[in-house]
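Below is data.cif, holding mmCIF, N, CA and C atoms.
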```cif
data_model
#
loop_
_atom_site.label_atom_id
_atom_site.label_comp_id
_atom_site.auth_asym_id
_atom_site.auth_seq_id
_atom_site.Cartn_x
_atom_site.Cartn_y
_atom_site.Cartn_z
N MET A 55 0.85 -1.18 0.00
CA MET A 55 0.00 0.00 0.00
C MET A 55 0.88 1.24 0.00
N SER A 56 0.34 2.25 -0.57
CA SER A 56 1.14 3.47 -0.64
C SER A 56 1.01 4.26 0.66
N ASP A 57 1.92 5.16 0.83
CA ASP A 57 1.94 5.96 2.06
C ASP A 57 0.68 6.81 2.22
N SER A 58 0.15 7.31 1.12
CA SER A 58 -1.04 8.17 1.20
C SER A 58 -2.26 7.36 1.66
N ILE A 59 -2.37 6.11 1.24
CA ILE A 59 -3.49 5.28 1.66
C ILE A 59 -3.38 4.96 3.15
N ILE A 60 -2.19 4.62 3.61
CA ILE A 60 -1.97 4.32 5.02
C ILE A 60 -2.26 5.56 5.86
N THR A 61 -1.81 6.72 5.41
CA THR A 61 -2.07 7.98 6.12
C THR A 61 -3.56 8.26 6.18
N ALA A 62 -4.25 8.02 5.07
CA ALA A 62 -5.70 8.26 5.02
C ALA A 62 -6.42 7.31 5.97
N LEU A 63 -6.02 6.06 6.04
CA LEU A 63 -6.64 5.10 6.95
C LEU A 63 -6.40 5.46 8.41
N ILE A 64 -5.18 5.86 8.74
CA ILE A 64 -4.87 6.27 10.11
C ILE A 64 -5.67 7.51 10.48
N THR A 65 -5.73 8.47 9.57
CA THR A 65 -6.47 9.71 9.83
C THR A 65 -7.96 9.40 10.00
N SER A 66 -8.50 8.54 9.16
CA SER A 66 -9.91 8.16 9.26
C SER A 66 -10.20 7.46 10.59
N GLY A 67 -9.31 6.56 10.99
CA GLY A 67 -9.48 5.86 12.25
C GLY A 67 -9.46 6.80 13.44
N LEU A 68 -8.52 7.74 13.44
CA LEU A 68 -8.44 8.70 14.54
C LEU A 68 -9.65 9.63 14.55
N THR A 69 -10.11 10.01 13.37
CA THR A 69 -11.29 10.87 13.29
C THR A 69 -12.51 10.13 13.84
N LEU A 70 -12.66 8.87 13.45
CA LEU A 70 -13.76 8.07 13.95
C LEU A 70 -13.70 7.93 15.46
N LEU A 71 -12.53 7.69 15.98
CA LEU A 71 -12.35 7.59 17.43
C LEU A 71 -12.74 8.90 18.12
N GLY A 72 -12.32 10.02 17.56
CA GLY A 72 -12.68 11.33 18.12
C GLY A 72 -14.17 11.57 18.12
N VAL A 73 -14.84 11.18 17.03
CA VAL A 73 -16.29 11.35 16.94
C VAL A 73 -16.99 10.48 17.97
N ILE A 74 -16.53 9.26 18.15
CA ILE A 74 -17.14 8.36 19.13
C ILE A 74 -17.00 8.92 20.54
N ILE A 75 -15.83 9.44 20.87
CA ILE A 75 -15.59 10.01 22.20
C ILE A 75 -16.46 11.24 22.41
N ALA A 76 -16.51 12.13 21.40
CA ALA A 76 -17.32 13.35 21.52
C ALA A 76 -18.79 13.00 21.64
N ASN A 77 -19.25 12.02 20.91
CA ASN A 77 -20.65 11.61 20.98
C ASN A 77 -21.00 11.08 22.36
N GLY A 78 -20.08 10.34 22.96
CA GLY A 78 -20.31 9.83 24.31
C GLY A 78 -20.46 10.96 25.32
N LYS A 79 -19.63 11.99 25.18
CA LYS A 79 -19.73 13.14 26.10
C LYS A 79 -21.03 13.90 25.88
N ASN A 80 -21.41 14.08 24.61
CA ASN A 80 -22.67 14.78 24.33
C ASN A 80 -23.86 13.99 24.86
N GLN A 81 -23.79 12.68 24.76
CA GLN A 81 -24.86 11.84 25.28
C GLN A 81 -24.98 12.00 26.80
N ALA A 82 -23.85 12.09 27.48
CA ALA A 82 -23.86 12.26 28.94
C ALA A 82 -24.49 13.60 29.31
N VAL A 83 -24.16 14.65 28.56
CA VAL A 83 -24.74 15.97 28.82
C VAL A 83 -26.25 15.94 28.57
N THR A 84 -26.65 15.30 27.49
CA THR A 84 -28.08 15.19 27.17
C THR A 84 -28.83 14.44 28.25
N GLU A 85 -28.26 13.36 28.74
CA GLU A 85 -28.92 12.59 29.81
C GLU A 85 -29.03 13.41 31.09
N THR A 86 -28.00 14.19 31.40
CA THR A 86 -28.04 15.05 32.59
C THR A 86 -29.14 16.09 32.46
N ARG A 87 -29.23 16.71 31.30
CA ARG A 87 -30.28 17.70 31.08
C ARG A 87 -31.66 17.07 31.15
N LEU A 88 -31.79 15.89 30.58
CA LEU A 88 -33.08 15.20 30.61
C LEU A 88 -33.47 14.85 32.04
N ASP A 89 -32.52 14.41 32.83
CA ASP A 89 -32.80 14.11 34.24
C ASP A 89 -33.25 15.36 34.99
N GLU A 90 -32.60 16.48 34.72
CA GLU A 90 -32.97 17.75 35.37
C GLU A 90 -34.37 18.18 34.96
N LEU A 91 -34.67 18.07 33.68
CA LEU A 91 -36.02 18.43 33.21
C LEU A 91 -37.08 17.51 33.81
N THR A 92 -36.77 16.24 33.93
CA THR A 92 -37.70 15.30 34.54
C THR A 92 -37.96 15.68 35.99
N ARG A 93 -36.92 16.06 36.71
CA ARG A 93 -37.08 16.48 38.10
C ARG A 93 -37.96 17.72 38.19
N GLU A 94 -37.73 18.69 37.28
CA GLU A 94 -38.52 19.91 37.31
C GLU A 94 -39.99 19.64 36.98
N VAL A 95 -40.24 18.75 36.03
CA VAL A 95 -41.62 18.41 35.68
C VAL A 95 -42.32 17.74 36.85
N ARG A 96 -41.63 16.83 37.52
CA ARG A 96 -42.23 16.17 38.69
C ARG A 96 -42.53 17.18 39.80
N GLU A 97 -41.61 18.11 39.99
CA GLU A 97 -41.82 19.14 41.01
C GLU A 97 -43.03 20.00 40.65
N HIS A 98 -43.14 20.35 39.38
CA HIS A 98 -44.27 21.16 38.92
C HIS A 98 -45.58 20.38 39.07
N ASN A 99 -45.57 19.10 38.72
CA ASN A 99 -46.78 18.29 38.86
C ASN A 99 -47.22 18.19 40.31
N ASN A 100 -46.27 18.06 41.21
CA ASN A 100 -46.59 18.01 42.63
C ASN A 100 -47.23 19.33 43.07
N PHE A 101 -46.68 20.43 42.58
CA PHE A 101 -47.23 21.75 42.89
C PHE A 101 -48.65 21.87 42.34
N ALA A 102 -48.86 21.40 41.10
CA ALA A 102 -50.18 21.47 40.49
C ALA A 102 -51.20 20.64 41.26
N LYS A 103 -50.77 19.54 41.85
CA LYS A 103 -51.68 18.71 42.64
C LYS A 103 -52.05 19.39 43.95
N ARG A 104 -51.11 20.15 44.51
CA ARG A 104 -51.35 20.77 45.82
C ARG A 104 -52.16 22.05 45.72
N MET A 105 -52.13 22.74 44.59
CA MET A 105 -52.80 24.03 44.48
C MET A 105 -54.30 23.96 44.76
N PRO A 106 -55.04 23.00 44.23
CA PRO A 106 -56.47 22.96 44.57
C PRO A 106 -56.71 22.80 46.07
N VAL A 107 -55.85 22.06 46.74
CA VAL A 107 -55.97 21.89 48.19
C VAL A 107 -55.76 23.24 48.88
N VAL A 108 -54.76 23.97 48.45
CA VAL A 108 -54.49 25.29 49.05
C VAL A 108 -55.64 26.25 48.76
N GLU A 109 -56.16 26.22 47.55
CA GLU A 109 -57.28 27.09 47.22
C GLU A 109 -58.49 26.78 48.09
N GLU A 110 -58.76 25.52 48.34
CA GLU A 110 -59.88 25.14 49.20
C GLU A 110 -59.64 25.61 50.63
N GLN A 111 -58.42 25.49 51.10
CA GLN A 111 -58.09 25.96 52.45
C GLN A 111 -58.26 27.47 52.55
N ILE A 112 -57.91 28.19 51.50
CA ILE A 112 -58.09 29.65 51.51
C ILE A 112 -59.57 30.00 51.57
N LYS A 113 -60.41 29.25 50.85
CA LYS A 113 -61.85 29.50 50.91
C LYS A 113 -62.36 29.31 52.32
N VAL A 114 -61.93 28.23 52.97
CA VAL A 114 -62.36 27.96 54.34
C VAL A 114 -61.89 29.08 55.27
N ILE A 115 -60.66 29.49 55.12
CA ILE A 115 -60.13 30.57 55.96
C ILE A 115 -60.92 31.85 55.75
N ASN A 116 -61.23 32.17 54.50
CA ASN A 116 -62.00 33.38 54.22
C ASN A 116 -63.39 33.31 54.84
N HIS A 117 -64.02 32.15 54.80
CA HIS A 117 -65.33 32.00 55.44
C HIS A 117 -65.22 32.18 56.95
N ARG A 118 -64.18 31.63 57.53
CA ARG A 118 -64.00 31.77 58.98
C ARG A 118 -63.77 33.23 59.36
N ILE A 119 -62.99 33.94 58.53
CA ILE A 119 -62.76 35.37 58.78
C ILE A 119 -64.07 36.13 58.68
N ASP A 120 -64.85 35.82 57.64
CA ASP A 120 -66.15 36.49 57.49
C ASP A 120 -67.03 36.22 58.71
N ASP A 121 -67.04 34.99 59.18
CA ASP A 121 -67.84 34.65 60.36
C ASP A 121 -67.38 35.43 61.59
N LEU A 122 -66.07 35.55 61.76
CA LEU A 122 -65.53 36.31 62.90
C LEU A 122 -65.87 37.79 62.80
N GLU A 123 -65.82 38.32 61.58
CA GLU A 123 -66.15 39.73 61.41
C GLU A 123 -67.63 39.98 61.73
N GLU A 124 -68.47 39.05 61.31
CA GLU A 124 -69.90 39.19 61.61
C GLU A 124 -70.15 39.07 63.11
N TYR A 125 -69.42 38.19 63.76
CA TYR A 125 -69.58 37.97 65.20
C TYR A 125 -69.21 39.22 65.99
N HIS A 126 -68.18 39.95 65.53
CA HIS A 126 -67.69 41.11 66.27
C HIS A 126 -68.36 42.42 65.86
N LYS A 127 -69.35 42.38 65.00
CA LYS A 127 -70.04 43.63 64.61
C LYS A 127 -71.07 44.01 65.60
#
```

Could you show the structure in this file as structure tokens?
Amino acid sequence: MSDSIITALITSGLTLLGVIIANGKNQAVTETRLDELTREVREHNNFAKRMPVVEEQIKVINHRIDDLEEYHK
């Protein structure tokens, strides 16, 4: 084989190795971001579940305040 073919094969192999390594790092970053987004969505869903409970408690509190105001008039 000629020197140019051997050089091209070595260069191609090293380039392929570099791409594989870079892809692995990008995959790790993507998985980290996905995990963070999943955590944020779960946190938001938990908040969304609790809001109706808080709203109901506020209604009860407002009624109790109204009752107290009427009592003290």

What does the distance between atom CA of Lys127 of chain A and atom CA of Ile112 of chain A come to in Å, to one decimal place? 22.6 Å

Calculate how many Å separate atom C of Ile115 of chain A from atom C of Asn99 of chain A, rounding to one decimal.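 Interatomic distance, atom C of Ile115 of chain A to atom C of Asn99 of chain A: 24.8 Å.
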
Å distance separating atom C of Tyr125 of chain A from atom C of Gln111 of chain A, one decimal place: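 A separation of 20.9 Å between them.
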